[in-house]
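The structure under discussion appears below in the form of structure tokens.
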Amino acid sequence: MTETGPDPFTNMYEAPAKLARMMFASFQGAMAGGMMGDTPMKPEDAQHWAEVGTKLQTMWMQYQAEQLANPQAMAPYFDPTRWQSIAQDWFRQMPIADPAQQQRLMQEGMQLWQQVLGQYGLGEMAGIPADDPEMPLKDRRFADPKWRAHPAFALIHQTYLFLAQRVAAMVDQMEGLSEDKREQLRFTTKAITEAASPANFPLLNPVVMERTLESRGDNLVKGMEHLLNDLRRGQLSHTDASAFTLGENIAVTPGKVVHETPLYQLIQYTPSTDKVLATPLVIFPPWINRFYILDLNAKKSFVKWVVHQGVTVFMVSWKSADASMKDVVWDDYVRAQIDAIDHIRERLDVPAVHTIGYCVAGTTLAATLSLLHRRGEQDKVKSATFFTAQVDFEKAGELLNFVDDQQLGMVKAMSADGYLDGRYMAATFNLLRGTDLIWNYVVNNYLLGEDYPAFDLLHWNGDVTNLPAKWHAQYLRDLYKDNKLVEPGALSVDNTPIDLGIVETPTYVQAGKEDHIAPAESVWKITDHFKGPIKFVLAGSGHIAGVVNPPDAGKYQYWLNDGEPRSLAEFREGAVEHPGSWWPDWIDWLREQDGETVLAKGKRKPGSKGDKVIGDAPGRYVATR
């Protein structure tokens, strides 16, 4: 703050807030048992409002008592008080406190107010009041007509959008910032402004106000139940978790667990064709999430689709970390990938396998391929496919904002038991899309009191896994922060120097056009390092929907370029757009690597006569918490 008064957010909200308070007077009177406009409140309504107030107070006091009895009960990953300290630190960095800057903002803001009020026949620019006023600034958070039904709400949300635009522009105009610090400040500014949206505050949100009046406050009681349940579990809920059961309506493709180590289980899926490709496929999903993102249900399942294409499919199911995995490092995951490859080769008596690495497991697969090449064992892998995987982290996007020394120190402090609670990573990924994955649910589930949807993708998103602390710190430091994987010999795995430049394995690389976790520009960089033939495909959508896009859905598109582009920009310039899913293009490419087929018999059918297996898919590791 400065001697000029409060920060611009306070100044700019003050005038429309006064209008809002006038409008809210009847509502406040109703809650106090008074009048609703000119209509006396019925005794039963007054009693209901009183009961709502009592319920809210009782629920909160009970929660407070729980916290006092167990101060460690609330996980730090879901602590709303963190926003206060983040906002204060942000404010100190911004030129928004400068008196001259405040004056300019006030002048521009007054012009905006006059323009908005003129739509209602008010102020210096008054015209004929419009039935549906046209707002100068638009945002889907304020698309409901109720945001335009009264000048108070119109001024509030237009002021907010104006300020959000201006402070974002300030970051770009600030002098003396390194590019990485500027990007970090951009990210923080976006997070702060998303949190400050008037849609997130009940007395500033007309949709919430109307719901509260209609339900006589019952939405607030239900919302409080949702909020307290989430505080107790230390994680924001996106869906109705009770609607899903592993092996029944998610992770349903038939198969058997055929191998197990302390780090992973290996699932082999039951064939659905008489013949299959001679070379089997093993999929390495990221251990930051559960493997069943690739097997959500019969219609969306990549696994089921590939099995129907006549491929023997294996899936690795990683164990969620616990204290027993405190010494697990990246080398262990590379060795696990090699172990899975060798086990499949021995089990089916084949010389090689096809491989898929998704996200961090793809990064690890790149190191695995380098290690195999260095040892002269590269022929164990017939081909490698990478789903949204990075090896060069120079342009790794917004996640780079979480790898400075302060963030790494915080991660270490939160990993005292040798593993990082998966709720922290969930909160981090949610922050990358704060409006969609945080504040949208605050409004719907806490303020409006709506029921949670039964959405399998959101259920998977919240089904978190814990991470080994040593591995996670190593990954953030060596790969994200220092970008050592692309420096030949800078990293060693299993006492073997890693050099991506020696990898000659035929490779298929998929990137998501709108991926905010592994940006397409970053994924492209694998083409700068591998030596072998590479086919690159740019898929529509992002990190999940860009991958999980079955052909029958008829959604999105993908781009191919048969030339020799030297950058993603050149790829895009000469790319040909194809409608729908890229999966058929990939399976054609896979068959080109080795089209030989064999009968789907013997151990190609897991659990058949004489084949000893551990149990049914999806196995027990995917269910551990």
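Starting from 1 in every chain, residues are counted up; chains themselves are A, B, ... following the order of the structure tokens, and ligands are numbered from 1 as listed.
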So that I can check the surroundings of Val257 of chain A, please list as a VMD selection string every protein, DNA and RNA residue that reaches within 12 Å of it, counting only C-alpha atoms and ignoring chain neighbours fewer than 3 positions away.
chain A and resid 254 260 to 261 264 to 270 314 to 317 605 to 607 611 to 622
Under the rule of at most 8 Å, produce a per-residue listing of segment 417-533 of chain A near segment 287-297 of chain A: chain, number, name, the closest pair of atoms, and the distance in Å, as a tab-separated table, using only C-alpha atoms.
```
residue	atom	partner	partner_atom	distance
A:Gly422	CA	A:Ile288	CA	7.7
A:Met425	CA	A:Ile288	CA	8.0
A:Asp456	CA	A:Leu296	CA	6.7
A:Leu457	CA	A:Leu296	CA	7.4
A:Trp460	CA	A:Ile293	CA	6.7
A:Asn461	CA	A:Asn289	CA	7.7
A:Asp463	CA	A:Arg290	CA	7.1
A:Val464	CA	A:Asn289	CA	6.0
A:Thr465	CA	A:Asn289	CA	5.8
A:Asn466	CA	A:Ile288	CA	7.3
A:Leu467	CA	A:Ile288	CA	6.8
```
Only C-alpha atoms, please: the residues just picked out, written as a PDB file, in the first residue's frame.
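Output file result-v5.pdb is given in full below:
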```pdb
ATOM      1  CA  GLY A 422      -0.047 -36.593  -4.719  1.00  0.00           C
ATOM      2  CA  MET A 425       0.854 -32.266  -7.697  1.00  0.00           C
ATOM      3  CA  ASP A 456     -14.739 -40.397 -15.546  1.00  0.00           C
ATOM      4  CA  LEU A 457     -12.008 -38.046 -16.780  1.00  0.00           C
ATOM      5  CA  TRP A 460      -9.140 -39.879 -12.927  1.00  0.00           C
ATOM      6  CA  ASN A 461      -7.787 -36.342 -12.566  1.00  0.00           C
ATOM      7  CA  ASP A 463      -7.262 -40.021  -8.302  1.00  0.00           C
ATOM      8  CA  VAL A 464      -3.802 -38.881  -7.259  1.00  0.00           C
ATOM      9  CA  THR A 465      -0.599 -40.868  -6.770  1.00  0.00           C
ATOM     10  CA  ASN A 466       2.253 -40.149  -4.390  1.00  0.00           C
ATOM     11  CA  LEU A 467       5.749 -39.615  -5.776  1.00  0.00           C
TER      12      LEU A 467
END
```
Apply DSSP to the structure's backbone, then extract all residues of segment 112-343 of chain A labelled alpha helix (DSSP H) and return them as a PyMOL selection string.
chain A and resi 112-118+151-173+179-195+206-215+218-233+302-308+330-343
Nearest to His259 of chain A among A:Glu346, A:Glu377, A:Asp552, A:Asp180, with distances taken over only C-alpha atoms: which residue is it?
A:Glu346
What's the 9 Å shell around Lys555 of chain A, counting only C-alpha atoms, without same-chain residues fewer than 5 positions away, as number ranges by chain?
A: 540, 549-550, 579-581
Å distance separating atom CA of Asp528 of chain A from atom CA of Thr388 of chain A, one decimal place
15.7 Å
Test item: residues at most 10 Å from Ala164 of chain A, only C-alpha atoms, excluding those fewer than 6 positions along its chain, as a ChimeraX atom specification
/A:9,158,189-190,192-194,196-197
Exercise: Val509 of chain A partners within 9 Å, only C-alpha atoms, chain neighbours under 2 positions left out, as a PyMOL selection string
chain A and resi 384-389+507+511+523-524+526-527+534-538
Preceding selection exported with N, CA, C and O atoms as a compact mmCIF listing (two decimals), in the first residue's frame:
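The file below, part_33.txt, is the result:
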```txt
# COMPACT_ATOMS: atom_id res chain seq x y z
N ALA A 384 9.45 -46.82 -30.85
CA ALA A 384 9.10 -46.04 -29.66
C ALA A 384 8.10 -44.96 -30.06
O ALA A 384 8.29 -44.25 -31.05
N THR A 385 7.02 -44.87 -29.28
CA THR A 385 6.02 -43.83 -29.48
C THR A 385 5.98 -42.95 -28.24
O THR A 385 6.02 -43.46 -27.11
N PHE A 386 5.91 -41.65 -28.46
CA PHE A 386 5.91 -40.70 -27.35
C PHE A 386 4.62 -39.90 -27.37
O PHE A 386 4.30 -39.23 -28.34
N PHE A 387 3.86 -40.00 -26.26
CA PHE A 387 2.66 -39.18 -26.08
C PHE A 387 3.03 -37.96 -25.24
O PHE A 387 3.40 -38.09 -24.07
N THR A 388 2.93 -36.78 -25.81
CA THR A 388 3.15 -35.51 -25.10
C THR A 388 4.33 -35.59 -24.13
O THR A 388 4.21 -35.24 -22.96
N ALA A 389 5.46 -36.06 -24.61
CA ALA A 389 6.64 -36.26 -23.76
C ALA A 389 7.75 -35.28 -24.14
O ALA A 389 7.98 -35.01 -25.31
N THR A 507 10.75 -43.77 -34.41
CA THR A 507 10.01 -43.04 -33.37
C THR A 507 8.80 -42.32 -33.95
O THR A 507 8.87 -41.71 -35.02
N ALA A 511 2.15 -34.69 -30.22
CA ALA A 511 2.07 -33.51 -29.36
C ALA A 511 0.67 -32.94 -29.44
O ALA A 511 -0.03 -33.11 -30.44
N VAL A 523 7.71 -30.44 -26.95
CA VAL A 523 7.69 -31.84 -27.41
C VAL A 523 8.43 -31.97 -28.74
O VAL A 523 9.14 -32.96 -28.97
N TRP A 524 8.27 -30.98 -29.61
CA TRP A 524 8.94 -31.02 -30.93
C TRP A 524 10.44 -31.23 -30.80
O TRP A 524 11.06 -31.87 -31.65
N ILE A 526 12.32 -33.11 -29.37
CA ILE A 526 12.88 -34.46 -29.44
C ILE A 526 13.45 -34.73 -30.83
O ILE A 526 14.40 -35.50 -31.00
N THR A 527 12.89 -34.05 -31.84
CA THR A 527 13.38 -34.23 -33.22
C THR A 527 14.78 -33.65 -33.40
O THR A 527 15.46 -33.99 -34.37
N ILE A 534 11.98 -40.23 -37.50
CA ILE A 534 10.94 -39.72 -36.60
C ILE A 534 9.74 -39.26 -37.42
O ILE A 534 9.88 -38.55 -38.42
N LYS A 535 8.56 -39.67 -36.98
CA LYS A 535 7.32 -39.14 -37.54
C LYS A 535 6.65 -38.32 -36.46
O LYS A 535 6.40 -38.81 -35.35
N PHE A 536 6.36 -37.06 -36.78
CA PHE A 536 5.75 -36.15 -35.81
C PHE A 536 4.32 -35.86 -36.21
O PHE A 536 4.03 -35.60 -37.38
N VAL A 537 3.41 -35.92 -35.24
CA VAL A 537 2.02 -35.59 -35.48
C VAL A 537 1.57 -34.57 -34.44
O VAL A 537 1.87 -34.71 -33.25
N LEU A 538 0.92 -33.52 -34.91
CA LEU A 538 0.36 -32.51 -34.02
C LEU A 538 -1.14 -32.75 -33.92
O LEU A 538 -1.86 -32.67 -34.92
```
Which residues are near Val116 of chain A? Cut-off 8 Å, only C-alpha atoms, ignore same chain within fewer than 3 positions. Put them as a PyMOL selection string.
chain A and resi 112-113+119-120+135-136+151+154-155
Selection file, all heavy atoms, as a PDB file, in the first residue's frame:
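What ended up in again_31.pdb:
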```pdb
ATOM      1  N   LEU A 112     -14.541   3.684 -18.635  1.00  0.00           N
ATOM      2  CA  LEU A 112     -15.243   2.408 -18.769  1.00  0.00           C
ATOM      3  C   LEU A 112     -16.594   2.460 -18.059  1.00  0.00           C
ATOM      4  O   LEU A 112     -17.613   2.017 -18.600  1.00  0.00           O
ATOM      5  CB  LEU A 112     -14.388   1.278 -18.195  1.00  0.00           C
ATOM      6  CG  LEU A 112     -15.053  -0.105 -18.132  1.00  0.00           C
ATOM      7  CD1 LEU A 112     -15.254  -0.653 -19.547  1.00  0.00           C
ATOM      8  CD2 LEU A 112     -14.217  -1.079 -17.310  1.00  0.00           C
ATOM      9  N   TRP A 113     -16.623   3.021 -16.840  1.00  0.00           N
ATOM     10  CA  TRP A 113     -17.873   3.111 -16.092  1.00  0.00           C
ATOM     11  C   TRP A 113     -18.925   3.910 -16.858  1.00  0.00           C
ATOM     12  O   TRP A 113     -20.100   3.534 -16.898  1.00  0.00           O
ATOM     13  CB  TRP A 113     -17.632   3.764 -14.734  1.00  0.00           C
ATOM     14  CG  TRP A 113     -16.831   2.903 -13.801  1.00  0.00           C
ATOM     15  CD1 TRP A 113     -16.489   1.600 -13.969  1.00  0.00           C
ATOM     16  CD2 TRP A 113     -16.271   3.316 -12.570  1.00  0.00           C
ATOM     17  NE1 TRP A 113     -15.736   1.160 -12.914  1.00  0.00           N
ATOM     18  CE2 TRP A 113     -15.582   2.197 -12.024  1.00  0.00           C
ATOM     19  CE3 TRP A 113     -16.256   4.512 -11.860  1.00  0.00           C
ATOM     20  CZ2 TRP A 113     -14.915   2.249 -10.807  1.00  0.00           C
ATOM     21  CZ3 TRP A 113     -15.584   4.571 -10.635  1.00  0.00           C
ATOM     22  CH2 TRP A 113     -14.929   3.443 -10.125  1.00  0.00           C
ATOM     23  N   GLN A 119     -25.272   2.306 -21.091  1.00  0.00           N
ATOM     24  CA  GLN A 119     -26.143   1.225 -21.586  1.00  0.00           C
ATOM     25  C   GLN A 119     -27.448   1.139 -20.790  1.00  0.00           C
ATOM     26  O   GLN A 119     -28.438   0.589 -21.265  1.00  0.00           O
ATOM     27  CB  GLN A 119     -25.409  -0.111 -21.484  1.00  0.00           C
ATOM     28  CG  GLN A 119     -24.131  -0.201 -22.293  1.00  0.00           C
ATOM     29  CD  GLN A 119     -24.409  -0.433 -23.758  1.00  0.00           C
ATOM     30  OE1 GLN A 119     -25.312  -1.198 -24.108  1.00  0.00           O
ATOM     31  NE2 GLN A 119     -23.670   0.235 -24.622  1.00  0.00           N
ATOM     32  N   TYR A 120     -27.429   1.723 -19.573  1.00  0.00           N
ATOM     33  CA  TYR A 120     -28.601   1.673 -18.700  1.00  0.00           C
ATOM     34  C   TYR A 120     -29.302   3.028 -18.614  1.00  0.00           C
ATOM     35  O   TYR A 120     -30.165   3.241 -17.751  1.00  0.00           O
ATOM     36  CB  TYR A 120     -28.175   1.226 -17.295  1.00  0.00           C
ATOM     37  CG  TYR A 120     -27.588  -0.162 -17.264  1.00  0.00           C
ATOM     38  CD1 TYR A 120     -26.222  -0.365 -17.494  1.00  0.00           C
ATOM     39  CD2 TYR A 120     -28.384  -1.282 -17.029  1.00  0.00           C
ATOM     40  CE1 TYR A 120     -25.672  -1.635 -17.488  1.00  0.00           C
ATOM     41  CE2 TYR A 120     -27.839  -2.553 -17.013  1.00  0.00           C
ATOM     42  CZ  TYR A 120     -26.483  -2.727 -17.253  1.00  0.00           C
ATOM     43  OH  TYR A 120     -25.934  -3.996 -17.252  1.00  0.00           O
ATOM     44  N   MET A 135     -21.796  -5.286 -23.221  1.00  0.00           N
ATOM     45  CA  MET A 135     -20.660  -4.960 -22.382  1.00  0.00           C
ATOM     46  C   MET A 135     -19.392  -4.782 -23.218  1.00  0.00           C
ATOM     47  O   MET A 135     -19.126  -5.568 -24.147  1.00  0.00           O
ATOM     48  CB  MET A 135     -20.430  -6.054 -21.338  1.00  0.00           C
ATOM     49  CG  MET A 135     -21.550  -6.188 -20.316  1.00  0.00           C
ATOM     50  SD  MET A 135     -21.746  -4.736 -19.251  1.00  0.00           S
ATOM     51  CE  MET A 135     -23.181  -3.959 -19.994  1.00  0.00           C
ATOM     52  N   PRO A 136     -18.559  -3.780 -22.898  1.00  0.00           N
ATOM     53  CA  PRO A 136     -17.313  -3.568 -23.644  1.00  0.00           C
ATOM     54  C   PRO A 136     -16.347  -4.747 -23.546  1.00  0.00           C
ATOM     55  O   PRO A 136     -15.656  -5.083 -24.504  1.00  0.00           O
ATOM     56  CB  PRO A 136     -16.724  -2.319 -22.993  1.00  0.00           C
ATOM     57  CG  PRO A 136     -17.864  -1.653 -22.305  1.00  0.00           C
ATOM     58  CD  PRO A 136     -18.794  -2.746 -21.893  1.00  0.00           C
ATOM     59  N   PRO A 151     -27.011  -2.533 -13.184  1.00  0.00           N
ATOM     60  CA  PRO A 151     -25.740  -1.802 -13.402  1.00  0.00           C
ATOM     61  C   PRO A 151     -24.682  -2.111 -12.357  1.00  0.00           C
ATOM     62  O   PRO A 151     -23.483  -2.034 -12.654  1.00  0.00           O
ATOM     63  CB  PRO A 151     -26.168  -0.333 -13.360  1.00  0.00           C
ATOM     64  CG  PRO A 151     -27.528  -0.309 -12.725  1.00  0.00           C
ATOM     65  CD  PRO A 151     -28.162  -1.610 -13.089  1.00  0.00           C
ATOM     66  N   ALA A 154     -22.974  -5.215 -13.520  1.00  0.00           N
ATOM     67  CA  ALA A 154     -22.259  -4.901 -14.760  1.00  0.00           C
ATOM     68  C   ALA A 154     -20.963  -4.160 -14.446  1.00  0.00           C
ATOM     69  O   ALA A 154     -19.895  -4.482 -14.985  1.00  0.00           O
ATOM     70  CB  ALA A 154     -23.141  -4.072 -15.686  1.00  0.00           C
ATOM     71  N   LEU A 155     -21.043  -3.150 -13.577  1.00  0.00           N
ATOM     72  CA  LEU A 155     -19.843  -2.393 -13.216  1.00  0.00           C
ATOM     73  C   LEU A 155     -18.820  -3.277 -12.513  1.00  0.00           C
ATOM     74  O   LEU A 155     -17.615  -3.169 -12.747  1.00  0.00           O
ATOM     75  CB  LEU A 155     -20.220  -1.225 -12.307  1.00  0.00           C
ATOM     76  CG  LEU A 155     -20.826   0.015 -12.983  1.00  0.00           C
ATOM     77  CD1 LEU A 155     -21.159   1.062 -11.944  1.00  0.00           C
ATOM     78  CD2 LEU A 155     -19.873   0.581 -14.029  1.00  0.00           C
TER      79      LEU A 155
END
```
What does the distance from atom CA of Ile156 of chain A to atom CA of Glu214 of chain A come to in Å, to one decimal?
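So the two atoms, atom CA of Ile156 of chain A and atom CA of Glu214 of chain A, lie 22.6 Å apart.
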Hey, which of A:Gly357, A:Pro280, A:Gly462, A:Gly512 ends up closest to Arg625 of chain A? Count only C-alpha atoms.
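The shortest atom-to-atom distance to Arg625 of chain A comes from A:Gly462.
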From the options A:His238, A:Val313, A:Gly176, A:Leu371, which residue's atoms come nearest to Thr253 of chain A, counting only C-alpha atoms?
A:Val313
If we count only C-alpha atoms and set the cut-off at 12 Å, which residues sit around Gln337 of chain A, ignoring sequence neighbours fewer than 3 positions away in its own chain? Please answer as a ChimeraX atom specification.
/A:261,263-266,282-286,314-318,330-334,340-344,353,355-357,361-369,371-372,380-381
I need the residue nearest Lys326 of chain A from this list: A:Glu398, A:Pro468, A:Leu203, A:Val221. Use only C-alpha atoms for the distance.
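Of all the options, A:Pro468 lies closest to Lys326 of chain A.
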Run DSSP on the backbone of this structure and report the residues of segment 344-490 of chain A it assigns to strand (DSSP E or B), as a VMD selection string.
chain A and resid 353 to 358 381 to 387 419 to 420 467 to 468
Quick one, how far is atom CA of Arg433 of chain A from atom CA of Trp583 of chain A?
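Atom-to-atom, atom CA of Arg433 of chain A to atom CA of Trp583 of chain A, that is 26.6 Å.
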Taking into account only C-alpha atoms, which residue in the set A:Thr597, A:Asn440, A:Gln64, A:Asn401 is nearest to Ser237 of chain A?
A:Asn440
